[in-house]
Each structure stands twice: as structure tokens, then as C-alpha cells.
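As stored in work_15.csv (CSV, C-alpha atoms and all ligand atoms):
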chain,number,residue,atom,x,y,z
A,1,MET,CA,0.2,3.6,24.4
A,2,SER,CA,-2.9,1.5,23.8
A,3,ASP,CA,-4.5,-1.3,25.7
A,4,LEU,CA,-3.9,-3.9,22.9
A,5,PRO,CA,-2.3,-6.9,24.5
A,6,ILE,CA,0.2,-7.8,21.8
A,7,ASN,CA,3.7,-6.7,20.9
A,8,PRO,CA,3.5,-4.8,17.6
A,9,THR,CA,5.2,-6.4,14.6
A,10,PRO,CA,5.0,-5.3,11.0
A,11,ASP,CA,2.3,-8.0,10.4
A,12,ASP,CA,0.1,-6.5,13.0
A,13,ALA,CA,-0.2,-3.0,11.5
A,14,VAL,CA,-4.0,-3.3,11.3
A,15,ARG,CA,-5.8,-5.2,14.1
A,16,TRP,CA,-9.4,-5.6,15.3
A,17,HIS,CA,-9.7,-6.4,18.9
A,18,GLU,CA,-12.9,-6.5,21.1
A,19,GLY,CA,-14.9,-4.0,19.2
A,20,ARG,CA,-12.1,-1.5,18.5
A,21,LEU,CA,-9.7,-1.0,15.5
A,22,TYR,CA,-6.0,-0.7,16.4
A,23,LEU,CA,-3.5,0.8,14.0
A,24,LEU,CA,0.3,0.6,14.5
A,25,ASP,CA,1.2,4.3,14.2
A,26,GLN,CA,3.5,4.4,11.2
A,27,ARG,CA,4.4,8.0,11.9
A,28,LEU,CA,6.3,6.9,15.0
A,29,LEU,CA,8.3,4.1,13.5
A,30,PRO,CA,11.1,3.1,13.8
A,31,GLU,CA,11.6,4.9,17.1
A,32,ARG,CA,8.5,3.6,18.7
A,33,ALA,CA,6.1,0.8,17.8
A,34,GLU,CA,2.8,1.8,19.3
A,35,PHE,CA,-0.9,1.1,18.6
A,36,VAL,CA,-3.6,3.7,18.5
A,37,GLY,CA,-7.2,2.5,19.2
A,38,TYR,CA,-10.2,3.8,17.2
A,39,ASP,CA,-14.0,3.8,17.9
A,40,GLN,CA,-15.3,6.1,15.2
A,41,ALA,CA,-15.2,6.1,11.5
A,42,ALA,CA,-14.3,9.8,11.3
A,43,GLU,CA,-11.2,9.1,13.3
A,44,VAL,CA,-10.3,6.3,11.0
A,45,ALA,CA,-10.6,8.5,8.0
A,46,HIS,CA,-8.4,11.0,9.7
A,47,ALA,CA,-5.8,8.3,10.5
A,48,ILE,CA,-5.7,7.3,6.8
A,49,ARG,CA,-5.3,11.0,5.8
A,50,THR,CA,-2.5,11.7,8.3
A,51,MET,CA,-0.5,8.5,7.5
A,52,VAL,CA,-1.0,6.6,10.8
A,53,VAL,CA,-1.7,3.8,8.3
A,54,ARG,CA,-0.6,4.0,4.7
A,55,GLY,CA,0.0,1.7,1.7
A,56,ALA,CA,-2.7,0.9,-0.7
A,57,PRO,CA,-4.0,-2.5,0.6
A,58,ALA,CA,-3.7,-1.5,4.2
A,59,ILE,CA,-5.7,1.6,3.5
A,60,GLY,CA,-8.5,-0.6,2.0
A,61,VAL,CA,-8.5,-3.0,4.9
A,62,THR,CA,-8.6,-0.1,7.4
A,63,ALA,CA,-11.5,1.5,5.6
A,64,ALA,CA,-13.4,-1.7,5.7
A,65,TYR,CA,-13.0,-1.8,9.5
A,66,GLY,CA,-14.0,1.9,9.5
A,67,VAL,CA,-17.3,0.9,8.0
A,68,VAL,CA,-17.8,-1.6,10.8
A,69,LEU,CA,-17.5,1.3,13.3
A,70,ALA,CA,-19.7,3.4,11.1
A,71,GLY,CA,-22.4,0.7,11.0
A,72,HIS,CA,-22.3,0.2,14.7
A,73,ALA,CA,-22.7,3.9,15.4
A,74,ALA,CA,-25.4,4.4,12.8
A,75,TYR,CA,-27.5,1.6,14.4
A,76,LYS,CA,-27.0,3.0,17.8
A,77,LEU,CA,-28.1,6.4,16.6
A,78,ALA,CA,-30.9,5.5,14.1
A,79,GLY,CA,-31.9,1.9,14.8
A,80,ALA,CA,-33.7,0.5,11.7
A,81,ASP,CA,-32.9,3.6,9.7
A,82,TRP,CA,-29.1,2.9,10.0
A,83,LYS,CA,-28.6,2.8,6.2
A,84,GLN,CA,-29.4,6.5,6.0
A,85,ALA,CA,-27.3,7.3,9.0
A,86,ILE,CA,-24.2,5.6,7.8
A,87,GLY,CA,-23.9,7.7,4.6
A,88,ASP,CA,-21.7,10.5,5.9
A,89,ASP,CA,-19.2,8.2,7.4
A,90,LEU,CA,-18.9,6.3,4.1
A,91,GLU,CA,-18.2,9.5,2.3
A,92,ARG,CA,-15.6,10.6,5.0
A,93,LEU,CA,-13.7,7.4,4.5
A,94,ALA,CA,-13.8,7.7,0.7
A,95,ALA,CA,-12.4,11.2,0.9
A,96,ALA,CA,-9.4,10.2,3.0
A,97,ARG,CA,-6.9,9.7,0.2
A,98,PRO,CA,-7.5,9.8,-3.6
A,99,THR,CA,-4.9,7.6,-5.3
A,100,ALA,CA,-5.0,4.1,-3.9
A,101,VAL,CA,-7.9,2.4,-5.5
A,102,ASN,CA,-8.0,-0.3,-2.8
A,103,LEU,CA,-9.8,2.3,-0.6
A,104,PHE,CA,-12.7,2.6,-3.0
A,105,TRP,CA,-12.6,-1.1,-3.8
A,106,ALA,CA,-13.0,-2.0,-0.1
A,107,LEU,CA,-15.7,0.6,0.4
A,108,GLN,CA,-17.6,-0.7,-2.7
A,109,ARG,CA,-17.5,-4.2,-1.2
A,110,MET,CA,-18.8,-3.0,2.1
A,111,ARG,CA,-21.6,-1.0,0.3
A,112,ARG,CA,-22.6,-4.1,-1.7
A,113,LEU,CA,-23.0,-5.9,1.6
A,114,ILE,CA,-24.9,-3.0,3.1
A,115,ALA,CA,-27.4,-3.1,0.2
A,116,HIS,CA,-28.2,-6.7,1.0
A,117,LEU,CA,-28.6,-6.3,4.8
A,118,GLU,CA,-31.9,-6.0,6.6
A,119,HIS,CA,-32.7,-3.3,9.1
A,120,GLY,CA,-31.3,-5.0,12.2
A,121,ASP,CA,-27.9,-4.4,13.9
A,122,PRO,CA,-25.4,-4.7,11.0
A,123,THR,CA,-22.2,-4.8,13.1
A,124,GLU,CA,-21.6,-8.5,13.0
A,125,ALA,CA,-22.2,-8.9,9.3
A,126,LEU,CA,-20.0,-5.9,8.5
A,127,LEU,CA,-17.2,-7.2,10.7
A,128,ALA,CA,-17.3,-10.6,9.1
A,129,GLU,CA,-16.8,-8.9,5.7
A,130,ALA,CA,-14.0,-6.7,6.9
A,131,ILE,CA,-12.2,-9.7,8.3
A,132,ARG,CA,-12.7,-11.5,5.0
A,133,ILE,CA,-11.2,-8.5,3.2
A,134,HIS,CA,-8.3,-8.5,5.6
A,135,GLU,CA,-7.6,-12.2,5.4
A,136,GLU,CA,-7.9,-12.3,1.6
A,137,ASP,CA,-5.4,-9.5,1.3
A,138,CYS,CA,-2.9,-11.4,3.5
A,139,ALA,CA,-3.4,-14.5,1.5
A,140,ALA,CA,-3.0,-12.5,-1.8
A,141,SER,CA,0.3,-11.1,-0.5
A,142,ARG,CA,1.6,-14.7,0.2
A,143,ARG,CA,0.6,-15.9,-3.3
A,144,ILE,CA,2.2,-12.8,-4.9
A,145,GLY,CA,5.3,-13.6,-2.9
A,146,GLU,CA,5.5,-17.1,-4.4
A,147,LEU,CA,4.7,-16.0,-7.9
A,148,GLY,CA,7.1,-13.1,-7.9
A,149,ALA,CA,9.9,-15.1,-6.4
A,150,ALA,CA,9.5,-17.7,-9.2
A,151,LEU,CA,10.4,-14.9,-11.8
A,152,ILE,CA,13.7,-14.2,-10.1
A,153,GLU,CA,16.7,-16.3,-11.3
A,154,GLY,CA,19.2,-15.1,-8.6
A,155,PRO,CA,21.3,-14.9,-6.6
A,156,THR,CA,20.9,-11.2,-7.2
A,157,GLU,CA,20.5,-7.8,-5.6
A,158,VAL,CA,17.3,-5.7,-5.9
A,159,ILE,CA,16.1,-2.2,-5.4
A,160,THR,CA,12.8,-1.4,-3.8
A,161,HIS,CA,11.1,2.0,-3.4
A,162,CYS,CA,8.7,3.3,-0.7
A,163,ASN,CA,7.3,0.6,1.6
A,164,ALA,CA,5.2,-2.2,0.1
A,165,GLY,CA,5.6,-4.5,3.1
A,166,ALA,CA,3.5,-6.0,5.8
A,167,LEU,CA,3.0,-2.5,7.1
A,168,ALA,CA,1.4,-1.5,3.8
A,169,THR,CA,-0.9,-4.5,3.5
A,170,GLY,CA,-3.1,-6.9,5.5
A,171,GLY,CA,0.2,-8.7,6.2
A,172,TYR,CA,3.4,-10.1,4.6
A,173,GLY,CA,3.6,-7.4,1.9
A,174,THR,CA,3.5,-7.3,-1.9
A,175,ALA,CA,7.0,-6.1,-3.1
A,176,LEU,CA,8.4,-7.1,0.3
A,177,GLY,CA,6.4,-10.3,0.1
A,178,VAL,CA,8.3,-11.2,-3.1
A,179,ILE,CA,11.5,-10.2,-1.5
A,180,ARG,CA,10.8,-12.2,1.6
A,181,SER,CA,10.0,-15.3,-0.5
A,182,ALA,CA,12.9,-14.9,-2.8
A,183,TYR,CA,15.3,-14.3,0.1
A,184,ALA,CA,14.1,-17.5,1.7
A,185,GLN,CA,14.9,-19.3,-1.5
A,186,GLY,CA,18.4,-17.8,-1.7
A,187,LYS,CA,17.6,-15.8,-4.8
A,188,ILE,CA,18.0,-12.4,-3.3
A,189,ILE,CA,21.1,-11.6,-1.4
A,190,ARG,CA,20.7,-7.9,-0.6
A,191,VAL,CA,18.0,-5.3,-0.9
A,192,TYR,CA,18.7,-1.6,-1.5
A,193,ALA,CA,15.9,0.4,0.0
A,194,ASP,CA,15.4,3.9,-1.5
A,195,GLU,CA,14.9,6.3,1.3
A,196,THR,CA,11.8,7.7,-0.6
A,197,ARG,CA,11.7,11.4,-0.1
A,198,PRO,CA,9.8,13.3,1.1
A,199,TRP,CA,8.0,11.1,3.7
A,200,LEU,CA,10.9,8.6,3.9
A,201,GLN,CA,8.9,5.4,3.9
A,202,GLY,CA,12.0,3.5,2.8
A,203,ALA,CA,14.1,4.8,5.7
A,204,ARG,CA,11.4,4.7,8.4
A,205,LEU,CA,9.6,1.5,7.4
A,206,THR,CA,11.2,-0.7,4.7
A,207,ALA,CA,14.6,-0.7,6.4
A,208,TRP,CA,12.8,-1.5,9.8
A,209,GLU,CA,10.7,-4.3,8.3
A,210,LEU,CA,13.6,-6.0,6.5
A,211,MET,CA,15.9,-5.7,9.5
A,212,GLN,CA,13.3,-7.3,11.7
A,213,ASP,CA,13.4,-10.3,9.2
A,214,GLY,CA,17.2,-10.4,9.1
A,215,ILE,CA,17.2,-9.7,5.4
A,216,PRO,CA,20.3,-7.7,4.4
A,217,VAL,CA,19.3,-4.2,3.5
A,218,SER,CA,21.2,-1.1,2.6
A,219,LEU,CA,19.4,2.2,2.7
A,220,GLN,CA,20.3,4.6,-0.1
A,221,ALA,CA,19.4,8.1,-1.1
A,222,ASP,CA,16.9,8.0,-4.0
A,223,CYS,CA,19.4,9.6,-6.3
A,224,ALA,CA,21.9,6.8,-5.7
A,225,ALA,CA,19.9,4.2,-7.7
A,226,ALA,CA,21.4,5.1,-11.2
A,227,SER,CA,25.0,4.6,-10.1
A,228,LEU,CA,24.1,1.3,-8.3
A,229,MET,CA,22.4,0.0,-11.5
A,230,ALA,CA,25.5,0.9,-13.5
A,231,THR,CA,27.6,-1.6,-11.4
A,232,GLY,CA,25.5,-4.5,-13.0
A,233,ARG,CA,24.7,-5.9,-9.6
A,234,ILE,CA,20.9,-5.3,-9.7
A,235,GLY,CA,18.6,-7.9,-11.2
A,236,TRP,CA,15.3,-6.3,-10.4
A,237,VAL,CA,13.5,-3.3,-9.2
A,238,ILE,CA,10.5,-4.6,-7.2
A,239,VAL,CA,7.8,-2.2,-6.1
A,240,GLY,CA,4.1,-2.1,-5.2
A,241,ALA,CA,1.3,-0.1,-6.7
A,242,ASP,CA,-1.5,2.2,-5.7
A,243,ARG,CA,-3.5,1.9,-8.8
A,244,ILE,CA,-3.0,0.0,-12.1
A,245,ALA,CA,-5.0,1.2,-15.1
A,246,ALA,CA,-6.6,-1.1,-17.7
A,247,ASN,CA,-3.5,-0.7,-20.0
A,248,GLY,CA,-1.0,-1.6,-17.3
A,249,ASP,CA,0.1,1.9,-16.4
A,250,VAL,CA,1.1,1.9,-12.7
A,251,ALA,CA,0.6,4.7,-10.2
A,252,ASN,CA,3.0,4.2,-7.3
A,253,LYS,CA,5.1,6.4,-4.9
A,254,ILE,CA,6.7,9.4,-6.5
A,255,GLY,CA,10.1,8.4,-7.9
A,256,THR,CA,8.9,5.0,-9.2
A,257,TYR,CA,8.7,6.3,-12.8
A,258,GLY,CA,12.2,7.7,-12.7
A,259,LEU,CA,13.5,4.4,-11.3
A,260,ALA,CA,11.7,2.5,-14.1
A,261,ILE,CA,13.4,4.7,-16.7
A,262,LEU,CA,16.8,4.1,-15.1
A,263,ALA,CA,16.1,0.4,-15.0
A,264,ARG,CA,15.3,0.1,-18.7
A,265,TYR,CA,18.5,2.1,-19.6
A,266,HIS,CA,20.6,-0.3,-17.5
A,267,GLY,CA,18.8,-3.6,-18.6
A,268,VAL,CA,17.3,-4.1,-15.1
A,269,LYS,CA,13.9,-5.6,-14.9
A,270,VAL,CA,10.9,-4.0,-13.2
A,271,MET,CA,8.4,-6.0,-11.2
A,272,VAL,CA,5.2,-4.5,-9.9
A,273,ALA,CA,3.6,-6.6,-7.1
A,274,ALA,CA,0.0,-5.8,-6.3
A,275,PRO,CA,-3.3,-7.6,-5.5
A,276,THR,CA,-6.0,-7.4,-8.0
A,277,SER,CA,-7.8,-5.0,-5.7
A,278,THR,CA,-5.3,-2.4,-7.0
A,279,ILE,CA,-6.4,-2.9,-10.7
A,280,ASP,CA,-8.8,-0.3,-11.9
A,281,LEU,CA,-10.3,-1.4,-15.2
A,282,THR,CA,-12.5,1.7,-15.3
A,283,LEU,CA,-9.5,3.8,-16.3
A,284,ALA,CA,-8.2,3.2,-19.8
A,285,SER,CA,-4.7,4.6,-19.0
A,286,GLY,CA,-2.7,6.1,-16.2
A,287,GLN,CA,-3.6,9.6,-17.3
A,288,GLY,CA,-6.9,9.3,-15.5
A,289,ILE,CA,-5.4,8.3,-12.1
A,290,PRO,CA,-5.8,11.1,-9.5
A,291,ILE,CA,-2.5,12.0,-8.1
A,292,GLU,CA,-2.5,13.1,-4.5
A,293,GLU,CA,-0.7,16.4,-3.7
A,294,ARG,CA,0.4,16.6,0.0
A,295,GLU,CA,1.4,19.5,2.3
A,296,PRO,CA,4.5,21.6,1.3
A,297,THR,CA,6.0,21.0,4.7
A,298,GLU,CA,6.8,17.5,3.7
A,299,VAL,CA,9.3,18.9,1.2
A,300,LEU,CA,10.3,22.1,3.0
A,301,ASN,CA,11.3,20.1,6.1
A,302,CYS,CA,13.6,17.2,6.7
A,303,GLY,CA,13.8,15.2,10.0
A,304,GLY,CA,11.4,17.7,11.6
A,305,ARG,CA,13.7,20.7,10.7
A,306,ARG,CA,13.1,23.3,8.1
A,307,VAL,CA,15.7,23.1,5.3
A,308,ALA,CA,14.4,25.4,2.6
A,309,PRO,CA,14.3,29.2,2.6
A,310,GLU,CA,11.2,31.0,3.9
A,311,GLY,CA,8.7,31.8,1.1
A,312,CYS,CA,10.0,28.9,-1.1
A,313,GLU,CA,7.2,27.5,-3.3
A,314,VAL,CA,6.8,23.7,-3.4
A,315,ARG,CA,5.5,21.0,-5.7
A,316,ASN,CA,4.7,17.8,-3.8
A,317,PRO,CA,2.9,15.2,-5.9
A,318,VAL,CA,3.3,12.0,-3.9
A,319,PHE,CA,2.7,9.5,-6.7
A,320,ASP,CA,3.7,9.2,-10.3
A,321,VAL,CA,2.6,7.0,-13.2
A,322,THR,CA,5.0,4.5,-14.8
A,323,PRO,CA,3.9,3.7,-18.3
A,324,ALA,CA,3.2,0.0,-18.9
A,325,VAL,CA,5.9,-0.2,-21.5
A,326,LEU,CA,8.5,0.2,-18.7
A,327,VAL,CA,7.0,-2.6,-16.6
A,328,ASP,CA,8.3,-6.2,-17.2
A,329,ALA,CA,5.8,-8.0,-15.0
A,330,ILE,CA,2.8,-7.3,-12.9
A,331,VAL,CA,2.5,-10.0,-10.2
A,332,THR,CA,-1.0,-10.5,-8.7
A,333,GLU,CA,-2.5,-13.3,-6.6
A,334,ARG,CA,-4.3,-14.4,-9.7
A,335,GLY,CA,-1.2,-14.7,-11.8
A,336,VAL,CA,1.6,-12.9,-13.6
A,337,ILE,CA,1.2,-10.5,-16.5
A,338,GLU,CA,4.4,-10.1,-18.4
A,339,SER,CA,4.7,-7.0,-20.7
A,340,PRO,CA,1.3,-5.7,-19.6
A,341,ASN,CA,-1.3,-4.6,-22.1
A,342,PRO,CA,-5.1,-4.1,-22.0
A,343,ALA,CA,-5.9,-7.6,-23.3
A,344,ARG,CA,-3.7,-9.3,-20.8
A,345,LEU,CA,-5.1,-7.3,-17.9
A,346,ARG,CA,-8.7,-8.0,-19.1
A,347,ALA,CA,-8.0,-11.7,-19.3
A,348,LEU,CA,-6.5,-11.8,-15.8
A,349,MET,CA,-9.5,-9.9,-14.3
A,350,SER,CA,-12.1,-12.0,-16.1
A,351,ASP,CA,-10.6,-15.4,-15.0
B,401,LIG,C1,1.7,-2.5,-0.9
B,401,LIG,S1,1.8,-0.8,-0.8
B,401,LIG,C2,1.9,-0.2,-2.4
B,401,LIG,C3,1.9,1.3,-2.5
B,401,LIG,O1,0.8,1.7,-1.7
B,401,LIG,C4,3.2,1.9,-1.9
B,401,LIG,O2,4.2,1.5,-2.8
B,401,LIG,C5,3.0,3.4,-1.8
B,401,LIG,O3,3.2,4.1,-2.8
B,401,LIG,C6,2.5,3.9,-0.5
B,401,LIG,O4,2.4,5.3,-0.5
B,401,LIG,P1,1.9,6.0,0.8
B,401,LIG,O5,1.9,7.4,0.5
B,401,LIG,O6,3.0,5.6,1.9
B,401,LIG,O7,0.6,5.4,1.2
Written as C-alpha cells, that's how I'd like the structure from this file.
Ligand SMILES: CSC[C@@H](O)[C@@H](O)C(=O)COP(=O)(O)O
Amino acid sequence: MSDLPINPTPDDAVRWHEGRLYLLDQRLLPERAEFVGYDQAAEVAHAIRTMVVRGAPAIGVTAAYGVVLAGHAAYKLAGADWKQAIGDDLERLAAARPTAVNLFWALQRMRRLIAHLEHGDPTEALLAEAIRIHEEDCAASRRIGELGAALIEGPTEVITHCNAGALATGGYGTALGVIRSAYAQGKIIRVYADETRPWLQGARLTAWELMQDGIPVSLQADCAAASLMATGRIGWVIVGADRIAANGDVANKIGTYGLAILARYHGVKVMVAAPTSTIDLTLASGQGIPIEEREPTEVLNCGGRRVAPEGCEVRNPVFDVTPAVLVDAIVTERGVIESPNPARLRALMSD
């Protein structure tokens, strides 16, 4: 339990309160909704690595608050020399997870500010920037929600994969933002949430978030998506992204690529909903995106119980890359890119 005086909801997954960072511990959901409080950047990096907080935009927002803690500690330790003292913490935060580019984007924004600051206490200025990053992300999700919902003709049913909801962002959600907006307009009548092995973000988080909103949701095993699409009931697959390369290739939770292939075969459209902080124009294609590999136990175990034989070898990449050709629309806060290609991404980012 923490001393944060609010009842946790999905929109409060990341909170700054009286000099501390609070994270809604996503490892405990849906059984318990509890905040953990953080005072040190190294602890924040550890929280990102161990999935207390997860989801690309939420990782970026969290890292920005981590820099506030780092700046405060560096000034206490080194006074006017705080810019040297903050370096290790910035590196720790950057090393927390490799795939979501929002982490590096947020750190870059904080570094740019640091470069312009004088030698006095940086805490206030760093906090103001972190809050701006947080608020901008929340506003981006709301705009993405509107723009994505406008693409859906409905009434229809949709599939989502992993969790790209309020929990995974500064608030409201990207894929779930589109779903929330489209549901409010009567365009979506049911959501099928893939359970999303091995970490089960769909079962633990997406089902919980949608149920809190009263949006009809059916949880399904990942391998049930093909037969569901074959019924003709599904209009869209709607997912988030961890990194989008300059040609429109999309890294997202493992299984997204397979889902996109199934969607193309069945004539189902694929929408990727993500803020522009997820777009990485430095990578020409998805081939350059670093794919995180996590612990074998995530696959060897299920529900805290070992299910595979002793000595079994494991492959556990937790993201895959969906080629741009399988994506019908990328929806960002700056606008929609249909049939993504390098020129369209460049134009969107230079606006
Ligand atoms: C708006 S969140 C978009 C993505 O970050 C999400 O779909 C995803 O893949 C999250 O992976 P996770 O490993 O839970 O951090």
C-alpha cells in the first residue's frame, strides 16, 4: 500500500504527488490496484524493467519523472555540478527496456532541457517538462481516439492485442482510446481482447480496463483470432505500437504480426494507434528495431505454475515487427496515414 490519497483507476497509472512518483503496480492487476511510491531514478528504472509500469508511452512519461528524481538527487549531492552527477541515472533509465522508442524520446527531451539549464536546483524546471510530456501524451491519446473512431464505419466488432489503454499511456489510451471513442459513438459493439501470452497483458489489463468502462469485452486465447475473423464479424484489428520505423513497419507486442497476416487473409483492416513519439525516423525499416527478449520463466510458467518440462529451452521475444504493407492505417495525434510509406511518414512528421 502507498500513501497516495486517491483510488487507483486506469487513468492514474502514473502519478506525481508531493515530490514522489507513484506507479500503479500493473503486476498486481486485476487482483489488487495498488500504488508504489518512488524517490530514486534507479528504482524507477527497475520498475520499468520489471513491468510495474509498461506500455510505450507510459514508459516514456515514467522515465521523464525519473529524470526529475535524478536531477533532485544530483543537485543534493553535487550542487552546481549536478549535470555531471546526473549522468549515471540517465543511463540507467535508458537501459531499462530497449524496444519502446518513447523511452528514448522522453529522455532526449529531458536532456535537451538539461543542456539549457543553469547550475542552480533543476528540480522545478525538470518537473514542469515531465508534466508537459505527461499532459501532451494524454491529449495525444484523446485526439488519436477521435481520429481513429472516424475511420470506423460500424457497428462492428474488433480485436485488440496486448494492452494499449490508459494503463499503457499518460491516460485514455491509444488503441483503447480509439475503442473508447468509437464505442461512445455506437460504432463498436464488442471487443475481443487477445489474452497475449506470455505476460497476459490482455487478460490482466485490457479486460480489466474495458470492464471498468462498461465496454463489452470477450477475452480469447491468442490462437482463437483466426476462427473469429472467419465468421465475418470483425471489422478491425486495433493495436498500439512500441516503435514505428520510417517506412511504416510497426514493432508491437509479440503476436501482432501474426494477427495482421490473419487480418489481411480475412479482409479485416488493421489500425495502429500511436502518438508521434513512437515514430523513429532514424530507422529506415523495422529490421533495425531492437527486439527485447525476456526471461524464459515467462514462457515456462503460466499463472505462477511451471507448465513445461525441466530443462526445456525457450525463445521469448516479446515484440515482433509487422511490415507496413499489412497496416491499413497509422493513427497519430497529428493525423492519419493510410497505407503507410516513407513519404507519408516524413510528411506527417515535418508538418
Ligand atoms: C499504448 S501501448 C503500445 C504498446 O506499448 C503495447 O501494445 C505493447 O506492446 C506493450 O508491451 P509491454 O511489454 O507490455 O510494455
Protein and nucleic acid residues within 9 Å of ligand LIG 401 (chain B) (only C-alpha atoms and all ligand atoms) as a PyMOL selection string: chain A and resi 48+51+53-59+97+99-100+141+161-169+173-176+199-201+239-243+251-254+256+273-275+278+292+318-319
Stretch 331-337 of chain A surroundings by all atoms listed in the file, 10 Å radius, close-in-sequence under 5 positions cut, as number ranges by chain: A: 136-137, 139-149, 151, 174-175, 178, 240, 248, 271-279, 344-345, 347-349, 351
Would you tabulate, counting all atoms listed in the file, all residues of stretch 114-138 of chain A that have an atom at most 8 Å from an atom of stretch 73-81 of chain A, showing the closest pair of atoms and their distance in Å to one decimal, sorted by chain then ascending number, as CSV?
residue,atom,partner,partner_atom,distance
A:His119,CA,A:Ala80,CA,4.7
A:Gly120,CA,A:Ala80,CA,6.0
A:Asp121,CA,A:Tyr75,CA,6.0
A:Pro122,CA,A:Tyr75,CA,7.5
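Between atom CA of A:Tyr192 and atom CA of A:Thr322 there is a distance of 20.0 Å.
Closest approach to A:Ala130 from the set A:Cys223, A:Val191, A:Val67, A:Val158 is made by A:Val67, with distances taken over all atoms listed in the file.
Closest approach to A:Thr9 among A:Tyr265, A:Tyr65, A:Trp105, A:Tyr172 is made by A:Tyr172 (distances from only C-alpha atoms).
Nearest to A:Leu127 of all the residues A:Arg92, A:His17, A:Arg180, A:Lys187 is A:His17, based on only C-alpha atoms.
By chain and then residue number, the residues within 9 Å of A:Ala70 are Asp39, Gln40, Ala41, Ala42, Ala85, Ile86, Gly87, Asp89, Leu90 and Thr123 of chain A, counting all atoms listed in the file and disregarding those fewer than 6 positions away in sequence.
Of note, atom CA of A:Pro10 and atom CA of A:Glu135 are spaced 15.4 Å apart.
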Using only C-alpha atoms, the residue out of A:Ile291, A:Glu43, A:Trp82, A:Asp25 with shortest distance to A:Leu117 is A:Trp82
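The two atoms in question, atom CA of A:Pro98 and atom CA of A:Gln26, are spaced 19.2 Å apart.
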If you count all atoms listed in the file, which residues fall within 8 Å of A:Val61, apart from same-chain ones fewer than 5 positions away, as a ChimeraX atom specification? /A:14,103,106,130,133-134,169-170
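Near A:Glu153, within 12 Å and counting only C-alpha atoms, sit Gly148, Ala149, Glu157, Val158, Ala182, Tyr183, Gln185, Gly186, Lys187, Ile188, Ile189, Ile234, Gly235, Trp236 and Lys269 of chain A; same-chain residues fewer than 4 positions away were not included.
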Spatial sel., origin (6.2, -4.2, -13.0), limit 6 Å, all atoms listed in the file, listed as a ChimeraX atom specification: /A:270-272,327-330
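The residue that comes closest to A:Gly303, out of A:Arg112, A:Ile238, A:Pro198, A:Arg132 and on the basis of all atoms listed in the file, is A:Pro198.
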